[in-house]
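**Student:** This structure is in structure tokens; I'll ask about it shortly.
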Amino acid sequence: NAGVTQTPKFQVLKTGQSMTLQCAQDMNHNSMYWYRQDPGMGLRLIYYSASEGTTDKGEVPNGYNVSRLNKREFSLRLESAAPSQTSVYFCASRGGRGYGYTFGSGTRLTVV
Amino acid sequence: GEDVEQSLFLSVREGDSSVINCTYTDSSSTYLYWYKQEPGAGLQLLTYIFSNMDMKQDQRLTVLLNKKDKHLSLRIADTQTGDSAIYFCAERGPGTASKLTFGTGTRLQVTL
């Protein structure tokens with residue numbers, strides 16, 4: 001199984017540009033999540049989708065939008081990128097052992 | 001809200017035991033998890049413990065849970081250089097839509 005696949009792996013944007021981070025899982029999990037990871041701050045939840053057709057804000061949603069396209073795919077959009085959004089972004093889905101999360105390998109985003 | 005705290009850094013010699021500690025605040029936590037993150041990679045689920053258990057052993061890993069003190073620890077026996085990574089603890093509250101709250105991570109450095 002591929003698990004959780006994120007694209008792209010690396011991206012450099014100029015301030016004000018937009019982009020969409022893609023995430024897909026093949027484990028038939030209902031719930032999917034977007035986190036950002038910054039040094040010394042652990043993982044912070046941006047948005048999540050408890051099931052297909054629903055999305056909710058997490059801890060740090062400002063500047064982001066999401067779409068749960070179907071059960072497999074959950075995308076994260078930056079409409080107007082800012083340097084403060086420079087981070088590593090992780091997508092995850094929930095299921096399996098102890099109902100824990102399975103993570104993708106991350107997207108390293110730099111906004112200049 | 002939920003809060004999970006960890007020390008930032010731990011250094012041990014190869015062959016020694018490592019103990020990584022975590023405290024959490026949510027008394028209704030149902031599952032607690034330990035994740036490992038190697039450089040440039042996503043988070044990998046190492047082990048988890050259900051909240052009604054005190055201890056769980058899985059090969060070199062031992063998880064201890066003191067629910068009264070809301071304290072979780074991960075012991076790695078015979079620590080190897082391949083164990084060098086960041087270790088995150090996480091807790092999950094009750095309910096099917098509950099999210100994981102992560103600590104800030106403990107960087108484990110294994111020296112020769």
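As shown in the structure tokens, the chain order sets the letters A, B, ...; within each chain, residues go from 1, and ligands are also counted from 1 in the order they appear.
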For chain B, work out the contacting residues on chain A at 8 Å, counting only C-alpha atoms, and write them as number ranges by chain.
**Tutor:** A: 31, 40-44, 50, 90, 98, 100-106
**Student:** Residues as selected, C-alpha atoms, written as a CSV table (one decimal), in the first residue's frame, can you do that?
**Tutor:**
chain,number,residue,atom,x,y,z
A,31,SER,CA,-10.8,11.2,8.6
A,40,GLY,CA,10.2,24.2,18.4
A,41,MET,CA,6.4,24.2,17.9
A,42,GLY,CA,5.6,20.6,17.2
A,43,LEU,CA,2.7,20.0,14.9
A,44,ARG,CA,-0.2,22.4,14.7
A,50,ALA,CA,-13.9,14.0,9.8
A,90,PHE,CA,2.0,17.1,6.6
A,98,GLY,CA,-5.0,2.2,17.9
A,100,GLY,CA,-3.6,6.6,15.2
A,101,TYR,CA,-2.6,8.7,12.2
A,102,THR,CA,-0.7,7.6,9.1
A,103,PHE,CA,1.4,10.5,7.8
A,104,GLY,CA,2.6,11.5,4.4
A,105,SER,CA,6.2,12.4,3.9
A,106,GLY,CA,5.6,16.1,3.9
**Student:** At a cut-off of 10 Å, using only C-alpha atoms, what residues contact A:Ala2? Leave out same-chain residues fewer than 5 positions from it and give the result as a PDB file with N, CA, C and O atoms, in the first residue's frame.
**Tutor:**
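Result written to out32.pdb:
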ATOM      1  N   ALA A  24      -3.452  12.320  -0.923  1.00  0.00           N
ATOM      2  CA  ALA A  24      -4.345  11.210  -1.220  1.00  0.00           C
ATOM      3  C   ALA A  24      -3.960  10.019  -0.361  1.00  0.00           C
ATOM      4  O   ALA A  24      -2.777   9.769  -0.127  1.00  0.00           O
ATOM      5  N   GLN A  25      -4.992   9.289   0.107  1.00  0.00           N
ATOM      6  CA  GLN A  25      -4.747   8.077   0.884  1.00  0.00           C
ATOM      7  C   GLN A  25      -5.534   6.920   0.275  1.00  0.00           C
ATOM      8  O   GLN A  25      -6.628   7.102  -0.245  1.00  0.00           O
ATOM      9  N   ASP A  26      -4.936   5.727   0.379  1.00  0.00           N
ATOM     10  CA  ASP A  26      -5.550   4.552  -0.231  1.00  0.00           C
ATOM     11  C   ASP A  26      -5.929   3.515   0.819  1.00  0.00           C
ATOM     12  O   ASP A  26      -6.004   2.311   0.526  1.00  0.00           O
ATOM     13  N   MET A  27      -6.175   3.967   2.052  1.00  0.00           N
ATOM     14  CA  MET A  27      -6.470   3.046   3.146  1.00  0.00           C
ATOM     15  C   MET A  27      -7.942   3.063   3.540  1.00  0.00           C
ATOM     16  O   MET A  27      -8.322   2.474   4.556  1.00  0.00           O
ATOM     17  N   GLY A 104       1.809  11.377   5.630  1.00  0.00           N
ATOM     18  CA  GLY A 104       2.576  11.472   4.406  1.00  0.00           C
ATOM     19  C   GLY A 104       3.988  11.928   4.712  1.00  0.00           C
ATOM     20  O   GLY A 104       4.325  12.227   5.860  1.00  0.00           O
TER      21      GLY A 104
END
**Student:** Between atom CA of A:Cys91 and atom CA of A:Glu73, measure the distance and give it in Å to one decimal.
**Tutor:**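 Distance between the two atoms: 10.2 Å.
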**Student:** Could you check the closest approach to A:Lys14 for each of A:Val111, A:Ala92, A:Leu78, A:Val60 and tell me which residue wins, using only C-alpha atoms?
**Tutor:**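 Ranked by minimum distance to A:Lys14, first place goes to A:Val111.
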**Student:** Check the DSSP output for the backbone and give back, as a count of residues only, the residues of chain A in strand (DSSP E).
**Tutor:** 59
**Student:** Hey, what's within 7 Å of A:His29 if we count only C-alpha atoms and toss same-chain stuff fewer than 6 positions away? As a list in words, please?
**Tutor:**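 Everything that qualifies: Ser93, Arg94 and Gly95 of chain A.
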**Student:** Using only C-alpha atoms, which residues sit within 12 Å of A:Glu79 once same-chain residues fewer than 6 positions away are excluded, as an NGL selection string?
**Tutor:** :A and (13-21 or 62-66 or 85)
**Student:** If you measure from atom CA of B:Gly15 to atom CA of B:Arg60, what distance in Å do you get, rounded to one decimal?
**Tutor:**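 So the answer is 11.6 Å.
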**Student:** Report as a PyMOL selection string all protein, DNA and RNA residues lying within 12 Å of B:Lys68, evaluated on only C-alpha atoms, omitting residues in the same chain fewer than 5 positions from it.
**Tutor:** chain B and resi 23-29+51-52+54
**Student:** Would you mind telling me which residue in B:Val110, B:Leu10, B:Ile20, B:Val4 lies nearest to B:Thr81 when using only C-alpha atoms?
**Tutor:**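 Ranking B:Val110, B:Leu10, B:Ile20, B:Val4 by distance to B:Thr81, first place goes to B:Val110.
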**Student:** If we count only C-alpha atoms and set the cut-off at 10 Å, which residues sit around A:Asp56, ignoring sequence neighbours fewer than 2 positions away in its own chain? Please answer as number ranges by chain.
**Tutor:** A: 33, 46-50, 54, 58, 61, 66
**Student:** If you measure from atom CA of B:Gln37 to atom CA of B:Thr111, what distance in Å do you get, rounded to one decimal?
**Tutor:**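 These atoms are spaced 18.1 Å apart.
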**Student:** To test your reading of the structure, identify every residue in stretch 9-100 of chain A that backbone DSSP assigns to helix (DSSP H, G or I), and report it as a list in words.
**Tutor:** Pro83, Ser84, Gln85, Arg97, Gly98 and Tyr99 of chain A
**Student:** Write the residues of the selection above to a file with N, CA and C atoms, as an mmCIF file, in the first residue's frame.
**Tutor:**
data_model
loop_
_atom_site.group_PDB
_atom_site.id
_atom_site.type_symbol
_atom_site.label_atom_id
_atom_site.label_comp_id
_atom_site.auth_asym_id
_atom_site.auth_seq_id
_atom_site.Cartn_x
_atom_site.Cartn_y
_atom_site.Cartn_z
ATOM 1 N N PRO A 83 5.399 34.930 3.867
ATOM 2 C CA PRO A 83 6.602 34.307 4.438
ATOM 3 C C PRO A 83 6.317 33.524 5.721
ATOM 4 N N SER A 84 5.307 33.930 6.488
ATOM 5 C CA SER A 84 4.960 33.222 7.728
ATOM 6 C C SER A 84 4.424 31.816 7.458
ATOM 7 N N GLN A 85 4.102 31.529 6.199
ATOM 8 C CA GLN A 85 3.623 30.205 5.839
ATOM 9 C C GLN A 85 4.750 29.276 5.392
ATOM 10 N N ARG A 97 -3.918 0.852 13.485
ATOM 11 C CA ARG A 97 -3.482 0.517 14.831
ATOM 12 C C ARG A 97 -3.856 1.595 15.838
ATOM 13 N N GLY A 98 -4.669 1.271 16.830
ATOM 14 C CA GLY A 98 -5.005 2.222 17.872
ATOM 15 C C GLY A 98 -5.653 3.487 17.371
ATOM 16 N N TYR A 99 -6.191 3.434 16.156
ATOM 17 C CA TYR A 99 -6.827 4.613 15.545
ATOM 18 C C TYR A 99 -5.864 5.789 15.475
#
**Student:** Give me the residues near B:Gln59 as a compact mmCIF listing (two decimals) with C-alpha atoms, in the first residue's frame, where near means some atom within 10 Å (using only C-alpha atoms) and where sequence neighbours in that chain fewer than 3 positions away do not count.
**Tutor:**
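The result, written out as result.txt:
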# COMPACT_ATOMS: atom_id res chain seq x y z
CA LYS B 56 2.92 -1.89 27.23
CA THR B 62 8.34 0.04 26.89
CA ILE B 76 14.10 2.42 24.49
CA ALA B 77 16.37 -0.40 25.59
